[in-house]
Every structure is written in structure tokens, then in C-alpha cells.
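This report concerns only the one structure given below.
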Amino acid sequence: MANIINIRNYTDALRNTGYKNVESAISEIVDNSLEASANDVLIICTLDTSSGRKVVSEIAVLDNGTGMDKKTLESCLVLGESTRKGRKGMGRFGVGLPQASLHVCPRVEVYSWQNKVEVRRVYLDINEVRTGKQKEIEGSGEGKIPAPYKKYFKDYRHIESKMNFNESGTLVIWKECDRLSPKTVAALFDRFKFLLGRKFRYFIHKRKHNIGCSVISSSKYDIFLRPNDPLCLMEDNMVLGDVKNPKEDVEQGESIFELWENGEICGTVTRAVNYFDSKSNSIKESEVKILFSWAKLEFQNAGGETKIGKHLGKNVGVSIIRANREIEFGKFDFFSDVNEPQHRWWGCEIRFTPELDEAFGVANNKQHVELFELEEVEYIEEDIKPIWFKLNKVVGVEIAQIYKKLKARKAGSRSGRNKNGLTEESIVRSVESNNKKETASMHVKNTTDIGALIKLGMERLIDGGNPNPTREEVIGIIELPVKLELKDLGDNSTFIDITNRMGNCWLTINVGSMFHRELYSKIEEADEPVKRAFNLILMAFARAEDEAYNNTPLYNAFREVRELWGLKLRKYLETDFKA
């Protein structure tokens, strides 16, 4: 008879546990602290300077939670053991502490105390398991707190805020950390600020809980985490702004986003979803809450190259929140290209309770959800369909609407003016004002009822993201020789489209094209003269095509050239970006 697992030969596999990085692994330890009702959590690093560089060799997490009794402590490092089988809080699976620890280091020590009584200690050393020296987890009542950490138990103040770990709590120490990236403390703390600040934002919002970082030998690195809110609505967010000076982030500023409103939606949407309850062996109903926000106009117009814009560029995606804690962040097939600059200017959050774990496919290490596009026809006969379908009818549709509005707002408020205050469209109108040559758009204007033209123009503007265009606004556009717009025409070879159905030459830059994705979107963020010159190049082509109306061979040639130009450009760009 043989054991199911030869644990001594399984040690390497135990260290490859599916955690993405050190921040994801340490999140598991912080989860345990918060689940144990800790108000204060301190991440403490020890530095090794033997190589001439200050690299992190040891990481500890200290909390003032309820602590663990002897039985619970001896179970906390047993793989597959769980003291948290309920679904009410963040915890449930009970595999986190040993697996998360082994992802970063070969040895983990856990100290815990309750009601000021003796400190108990357990440890797990994967190298000792490999050699057969350690065969079980056994608690010790002689677990004195290691000397370097004792200073945190004597009226400790972290950036002038008192933290008390004396009554009860737990200390988890990762020894000989050999899988850290980055290894330097400044870079590591920057990642903690960004990713842990996002994962635990609802816990540290308004300092409901304190999560701090410290170095055991110096206070110069001391920080408290601030919320990193992808919705950019929290008033204590790590990035705040000032509409009077939108290019700079400020310490005491205002939220840079506001709630997205669109008809029935005012920031929040609630949807009922069905799920299978294994306890009652029945189908039940729960709620998913979806939140949307988008940038205030002043900050969007300031551009993506500002400090605020660059920060937002790292937070492009949808945040999945389970029991107030972010599980995963990504696009989940709700939208296409995360590199498109306008995506940084909106936020979306999906919130659910742990009873929907199976519906969302929550992984046992709370690092992943199963949300991606599927073929709906394959699930027609299923009683409970994958939750992505229901979510996409809200999330995918609404992100597309926000994106359209952002593009239209950006195009409508472009400050692309020359030194005389002229926009590209007014430059073209000024140059062409005395040009009496009949064009294709002029022919449409002269042969079509003005009411019909205005109706078409309004439909065009609404489709482009302007929900309430006025008659005067449409007439003003019709008078332009060339109207420039940005619109998603799909991912095809058409990088520009030229039409004249509204009585003027309407030049559309296809935001769904590779041309826009890889080239024009970068130019949008460039200096105004560069962007203005590029737009004038395209508008000159559009006007030249419009003027070729009375020369049928030339007019047809222009249209053929435009199509061939798009095909060639796509091939060239594909080759360039694959190289």
C-alpha cells in the first residue's frame, strides 16, 4: 500500500502554487489578519546588505487580531486544513497561509498570542520536509517573539499613529525569501502601495483599518497604504486632482472621476443572478452590483502624459470585488484593447458576495475568477448559464457607451488651435471659403431637403456619443467643408472613411483600426502642433477626394487609392509591430 502523495518528493510542486507575485501571496496573509478582526496590520521587511545592495531577505506580517489558540495554530500550516469553511467573510478555503508563504520562501514561522498569555509558535520548513526531518506541524508554548520584532510591542508608533500588538495578535515571518521580485525595498513598497492599496481599498478607506509597511532597521521607509480606487471616486484616493490645475496630482484634492450617468444608470446597476446552492440542492437568487465612473472633463483634457494620466494607464480594466476585497482585475472580454488611451478615463467595478463563488469560478487561492467570452448557443439548454452572459449585457454595453462618449468629448473639446486660435476645421473652412469648385458634398447639400440633412446629422452625432445634439449645432457642422470625427468602424483595413451624405465632407478616423491603435492614439497624446499637422494631412486628402466629384475617373481613383492605402498601411504596421 502506498501514500496518495509522496510528500518528500512533492516539495517543489508545493512551492509553485499559482500565486502571481509577492503582492498576491502577501494579500493572503493580510486577508487572514483582517478576517481575525485586526485593526492594525504591519508588513515588516528585513534587509540584507552583504552584497552591497539593500535587498529584502525576510518579510513579516504583524497584526493585532484575535490570535489563535493552540489547536488552530497547529492547523494553520497544514495543507488542506481549514478553520474558515463559512462563506460570510473573505476566508473560506483554508489553504492560503502555507501555499502563499511557500511561494516566496522555503520556511515560514507563525507566532500567535491571546489575552496577553504566552506566545505559541509553529513553523513549516520545506527543506526539512524534503529531507524527512519535519513530518508534522507541532505547536510550541515557548514561542518567544524574535528579538528584532520586540520593538513593535512597546508603545509602537507608525508615522505618529499608535499601533498596539500587545493584547492579542499573530506574527507571520517568511524566512530566507528567495523568490522576491523586485528585491529592493523601495521598489517592493511601491508595488505594495499600488496593488495592495487596490486590493484592500475598502478596508483602508477612511482608515477603517491601518495597513502599514516598515523596515526593521529604519523608519525612513514607513508608509500607510492609501486606497488605489480604479473608480477614482474615493476622497482619500492615492491620486487626487484639482480642476483648476488638472495636470498635477495634489495631496489634498478632489476625486478625478464622477459617477457615469446614462438613462436609468446613475453610477450603479444591480442585477439578480441565479446560482446553484449545494446545501439545499436548489437554484437560488443573489445580486451583483456593478458600478461605473468616468473622468471629469478637465482631467481627460489634461491628457495621458500627466502624472494622473500615467497612473490611470496602469489601472485600465474591470475590478472584481468579493466581500469588499478585490479578487482580480482585467478586461474579461468586456472590451477589446487595453492599450487604447481612452480606456484609462473610465472605471468599472463588479461586486458580489461569497455565495456566488461557484458562479464566478473563484479559485481556491482567491487570485482568479472564470470570466471570459463564451458561445451562448452552447448553453441554451442549461438551467444556469455562465454569469458572463448576463454581466456582458450591462458591462460590455456600458463600457462601449462610455468609450464612445469619451471619444466624442475628446474630439469635441480638442484644443488643437494654432497661434491665431484656429482649429483644424476652421483652418480648412478659412482656406476653402472662396473655393467655388463643386464638390460631392456640395451636390448633396444642393439637392437634399435641409430638414433631412439635419436629421441625418443628428443621427450621426448621437451615434458618435453626443446624446442631445441641437439643431444649431448640426447646421454649424454642415457648414464646415470637412468635419473630423473619431468612431469605431471595427477592426478592419479601413483606417479613414469619407462620406458626404450630410451635405459636407465627413472624415472619420476609425478608432477600431490598427492605424489608430498603434499610431494615431499615440499622436493624440503628442504636442498640439504634431497632432494638428497630422489631422490637416488627412483632411487635405478628404477635401481633395470631395473636389474630384466632377471627374468620375479621378473620383473613383481616389476611393480606390484610399482602400488600397488602408490595406498597405495595415500590412506595414502588422510587420512593424511583429518585428
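Order determines the names: the first chain of the C-alpha cells is A, the second B, and so forth; residues in each chain are numbered 1 upward, and ligands are numbered 1 upward as they are shown.
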Hey, could you make a per-residue contact list for segment 20-120 of chain A against segment 131-153 of chain A with 8 Å as the cut-off, showing the nearest pair of atoms and its distance in Å to one decimal, counting only C-alpha atoms, sorted by chain and number, as a tab-separated table?
residue	atom	partner	partner_atom	distance
A:Lys70	CA	A:Gly139	CA	6.7
A:Leu73	CA	A:Gly139	CA	7.0
A:Glu74	CA	A:Gly139	CA	5.5
A:Ser75	CA	A:Ile137	CA	7.6
A:Leu77	CA	A:Ile137	CA	7.1
A:Val78	CA	A:Ile137	CA	7.0
A:Tyr111	CA	A:Gly143	CA	6.6
A:Glu118	CA	A:Gly141	CA	6.8
A:Val119	CA	A:Gly143	CA	5.3
A:Arg120	CA	A:Gly141	CA	4.6
Do a neighbour search on segment 351-359 of chain A at 6 Å with only C-alpha atoms, toss out local chain neighbours closer than 6 positions, and write the hits as a PDB file with N, CA and C atoms, in the first residue's frame.
ATOM      1  N   ARG A  87     -18.996  31.086   4.424  1.00  0.00           N
ATOM      2  CA  ARG A  87     -18.937  31.944   3.243  1.00  0.00           C
ATOM      3  C   ARG A  87     -19.211  33.413   3.574  1.00  0.00           C
ATOM      4  N   VAL A 288     -25.757  40.971  -7.982  1.00  0.00           N
ATOM      5  CA  VAL A 288     -24.455  41.501  -8.369  1.00  0.00           C
ATOM      6  C   VAL A 288     -24.626  43.005  -8.542  1.00  0.00           C
ATOM      7  N   LYS A 289     -23.720  43.751  -7.960  1.00  0.00           N
ATOM      8  CA  LYS A 289     -23.766  45.207  -8.084  1.00  0.00           C
ATOM      9  C   LYS A 289     -22.633  45.652  -8.999  1.00  0.00           C
ATOM     10  N   ILE A 321     -14.820  42.506  -7.141  1.00  0.00           N
ATOM     11  CA  ILE A 321     -14.770  42.639  -5.687  1.00  0.00           C
ATOM     12  C   ILE A 321     -15.619  41.549  -5.034  1.00  0.00           C
ATOM     13  N   ARG A 322     -14.997  40.764  -4.165  1.00  0.00           N
ATOM     14  CA  ARG A 322     -15.690  39.733  -3.386  1.00  0.00           C
ATOM     15  C   ARG A 322     -15.518  40.065  -1.904  1.00  0.00           C
ATOM     16  N   ALA A 323     -16.631  40.232  -1.204  1.00  0.00           N
ATOM     17  CA  ALA A 323     -16.600  40.528   0.230  1.00  0.00           C
ATOM     18  C   ALA A 323     -15.669  41.706   0.534  1.00  0.00           C
TER      19      ALA A 323
END
> Among segment 42-148 of chain A, which residues carry a DSSP assignment of alpha helix (DSSP H), reported as a VMD selection string?
Replying inline: chain A and resid 70 to 75 96 to 104 126 to 131
So that I have them on file, write out the residues from the current selection with C-alpha atoms, as a PDB file, in the first residue's frame.
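Result saved to out_7.pdb:
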ATOM      1  CA  LYS A  70      -3.185  26.001  20.253  1.00  0.00           C
ATOM      2  CA  LYS A  71      -5.404  23.799  18.069  1.00  0.00           C
ATOM      3  CA  THR A  72      -5.988  26.478  15.454  1.00  0.00           C
ATOM      4  CA  LEU A  73      -2.308  27.435  15.382  1.00  0.00           C
ATOM      5  CA  GLU A  74      -1.208  23.838  14.786  1.00  0.00           C
ATOM      6  CA  SER A  75      -3.690  23.601  11.902  1.00  0.00           C
ATOM      7  CA  GLY A  96      -3.757  30.226   1.822  1.00  0.00           C
ATOM      8  CA  LEU A  97      -1.216  30.613   4.615  1.00  0.00           C
ATOM      9  CA  PRO A  98       1.120  27.680   3.774  1.00  0.00           C
ATOM     10  CA  GLN A  99       0.755  27.968  -0.002  1.00  0.00           C
ATOM     11  CA  ALA A 100       1.222  31.736  -0.113  1.00  0.00           C
ATOM     12  CA  SER A 101       4.252  31.511   2.165  1.00  0.00           C
ATOM     13  CA  LEU A 102       5.972  28.731   0.209  1.00  0.00           C
ATOM     14  CA  HIS A 103       5.522  30.751  -2.986  1.00  0.00           C
ATOM     15  CA  VAL A 104       8.003  33.304  -1.599  1.00  0.00           C
ATOM     16  CA  ILE A 126      10.081  22.759   3.060  1.00  0.00           C
ATOM     17  CA  ASN A 127      13.752  21.763   3.081  1.00  0.00           C
ATOM     18  CA  GLU A 128      13.243  19.847   6.327  1.00  0.00           C
ATOM     19  CA  VAL A 129      10.179  18.178   4.812  1.00  0.00           C
ATOM     20  CA  ARG A 130      12.266  17.194   1.782  1.00  0.00           C
ATOM     21  CA  THR A 131      14.914  15.501   3.959  1.00  0.00           C
TER      22      THR A 131
END
>> So that I can check the surroundings of segment 266-276 of chain A, please list as a PyMOL selection string every protein, DNA and RNA residue that reaches within 8 Å of it, counting only C-alpha atoms and ignoring chain neighbours fewer than 2 positions away.
In response: chain A and resi 259-264+278+281-293+356+358-359+384+387+390
Write a file of the selected residues as a PDB file, in the first residue's frame, keeping C-alpha atoms.
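Okay, this is what ended up in out.pdb:
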ATOM      1  CA  LEU A 259     -20.422  58.707 -11.498  1.00  0.00           C
ATOM      2  CA  TRP A 260     -21.368  57.714 -15.045  1.00  0.00           C
ATOM      3  CA  GLU A 261     -24.982  58.553 -15.839  1.00  0.00           C
ATOM      4  CA  ASN A 262     -26.828  57.107 -18.811  1.00  0.00           C
ATOM      5  CA  GLY A 263     -30.601  56.904 -18.699  1.00  0.00           C
ATOM      6  CA  GLU A 264     -31.580  54.548 -15.861  1.00  0.00           C
ATOM      7  CA  SER A 278     -25.238  22.749  -2.950  1.00  0.00           C
ATOM      8  CA  ASN A 281     -29.628  21.252  -3.737  1.00  0.00           C
ATOM      9  CA  SER A 282     -31.662  24.037  -5.325  1.00  0.00           C
ATOM     10  CA  ILE A 283     -31.371  27.103  -7.525  1.00  0.00           C
ATOM     11  CA  LYS A 284     -31.304  30.361  -5.599  1.00  0.00           C
ATOM     12  CA  GLU A 285     -31.006  34.032  -6.439  1.00  0.00           C
ATOM     13  CA  SER A 286     -28.416  36.594  -5.417  1.00  0.00           C
ATOM     14  CA  GLU A 287     -27.445  40.100  -6.504  1.00  0.00           C
ATOM     15  CA  VAL A 288     -24.455  41.501  -8.369  1.00  0.00           C
ATOM     16  CA  LYS A 289     -23.766  45.207  -8.084  1.00  0.00           C
ATOM     17  CA  ILE A 290     -21.979  46.981 -10.944  1.00  0.00           C
ATOM     18  CA  LEU A 291     -20.533  50.490 -10.596  1.00  0.00           C
ATOM     19  CA  PHE A 292     -19.389  52.831 -13.391  1.00  0.00           C
ATOM     20  CA  SER A 293     -17.452  56.087 -13.312  1.00  0.00           C
ATOM     21  CA  LEU A 356     -21.637  33.341  -5.795  1.00  0.00           C
ATOM     22  CA  GLU A 358     -19.033  28.949  -7.980  1.00  0.00           C
ATOM     23  CA  ALA A 359     -20.877  31.228 -10.387  1.00  0.00           C
ATOM     24  CA  ILE A 384     -27.961  28.191 -15.086  1.00  0.00           C
ATOM     25  CA  ILE A 387     -22.607  34.572 -15.480  1.00  0.00           C
ATOM     26  CA  LYS A 390     -25.664  38.463 -18.041  1.00  0.00           C
TER      27      LYS A 390
END
>> I'd like to know which of A:Val185, A:Asp236, A:Gln300, A:Val482 is closest to Thr49 of chain A, using only C-alpha atoms.
In response: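 The answer is A:Val185, which sits nearest to Thr49 of chain A.
Nearest residue to Asn39 of chain A, choosing from A:Glu23, A:Glu518, A:Asp463, A:Asp63 and counting only C-alpha atoms: A:Asp63.
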>> as JSON, numbers by chain, please: the residues near Met458 of chain A (cut-off 9 Å, only C-alpha atoms, same-chain neighbours under 5 positions excluded).
In response: {"A": [453, 463, 466, 468, 469, 470, 471, 473, 474]}
> Pick from A:Lys220, A:His368, A:Arg559, A:Arg344: nearest to Ile402 of chain A, with only C-alpha atoms counted?
Replying inline: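 Among the listed residues, the smallest separation from Ile402 of chain A belongs to A:Arg344.
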>> If we count only C-alpha atoms and set the cut-off at 8 Å, which residues sit around segment 496-500 of chain A, ignoring sequence neighbours fewer than 3 positions away in its own chain? Please answer as a ChimeraX atom specification.
In response: /A:440-441,444,503-510,542,566
> Counting only C-alpha atoms, what is within 12 Å of Ile537 of chain A, bar same-chain residues fewer than 4 positions away, as an MDAnalysis selection string?
Replying inline: chainID A and resid 424 428 484 507 530:533 541:544
Save out the residues we just selected, N, CA and C atoms, as a tab-separated table (two decimals), in the first residue's frame.
chain	number	residue	atom	x	y	z
A	424	GLU	N	-8.33	72.94	-36.61
A	424	GLU	CA	-8.10	72.35	-37.93
A	424	GLU	C	-9.32	72.58	-38.83
A	428	VAL	N	-9.43	74.78	-42.41
A	428	VAL	CA	-9.90	74.30	-43.71
A	428	VAL	C	-11.03	75.20	-44.22
A	484	LEU	N	-14.26	66.53	-38.90
A	484	LEU	CA	-13.39	65.45	-38.43
A	484	LEU	C	-14.04	64.77	-37.22
A	507	LEU	N	-15.06	63.29	-42.44
A	507	LEU	CA	-13.88	62.43	-42.35
A	507	LEU	C	-13.90	61.70	-41.01
A	530	VAL	N	1.98	68.77	-33.57
A	530	VAL	CA	2.14	67.47	-34.26
A	530	VAL	C	0.76	66.90	-34.59
A	531	LYS	N	-0.13	66.89	-33.60
A	531	LYS	CA	-1.47	66.35	-33.81
A	531	LYS	C	-2.23	67.16	-34.87
A	532	ARG	N	-2.13	68.49	-34.79
A	532	ARG	CA	-2.84	69.35	-35.73
A	532	ARG	C	-2.35	69.14	-37.16
A	533	ALA	N	-1.03	69.03	-37.33
A	533	ALA	CA	-0.46	68.82	-38.66
A	533	ALA	C	-0.91	67.48	-39.24
A	541	PHE	N	-6.50	65.27	-47.80
A	541	PHE	CA	-6.84	64.14	-48.67
A	541	PHE	C	-8.36	64.07	-48.84
A	542	ALA	N	-9.11	64.21	-47.71
A	542	ALA	CA	-10.57	64.12	-47.77
A	542	ALA	C	-11.14	65.21	-48.67
A	543	ARG	N	-10.63	66.44	-48.53
A	543	ARG	CA	-11.14	67.54	-49.35
A	543	ARG	C	-10.79	67.33	-50.82
A	544	ALA	N	-9.58	66.83	-51.11
A	544	ALA	CA	-9.19	66.57	-52.49
A	544	ALA	C	-10.11	65.53	-53.12
>> One decimal, in Å: what's the spacing between atom CA of Asn446 of chain A and atom CA of Glu459 of chain A?
In response: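 A separation of 20.1 Å between them.
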>> Quick one: residues within 8 Å of segment 66-68 of chain A, only C-alpha atoms, excluding same-chain residues fewer than 5 positions away - as a PyMOL selection string?
In response: chain A and resi 36-38+73+112-114+168-170
> Pick from A:Ser255, A:Asn550, A:Asn392, A:Gln401: nearest to Val318 of chain A, with only C-alpha atoms counted?
Replying inline: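 Answer, going by the shortest atom-to-atom distance: A:Asn392.
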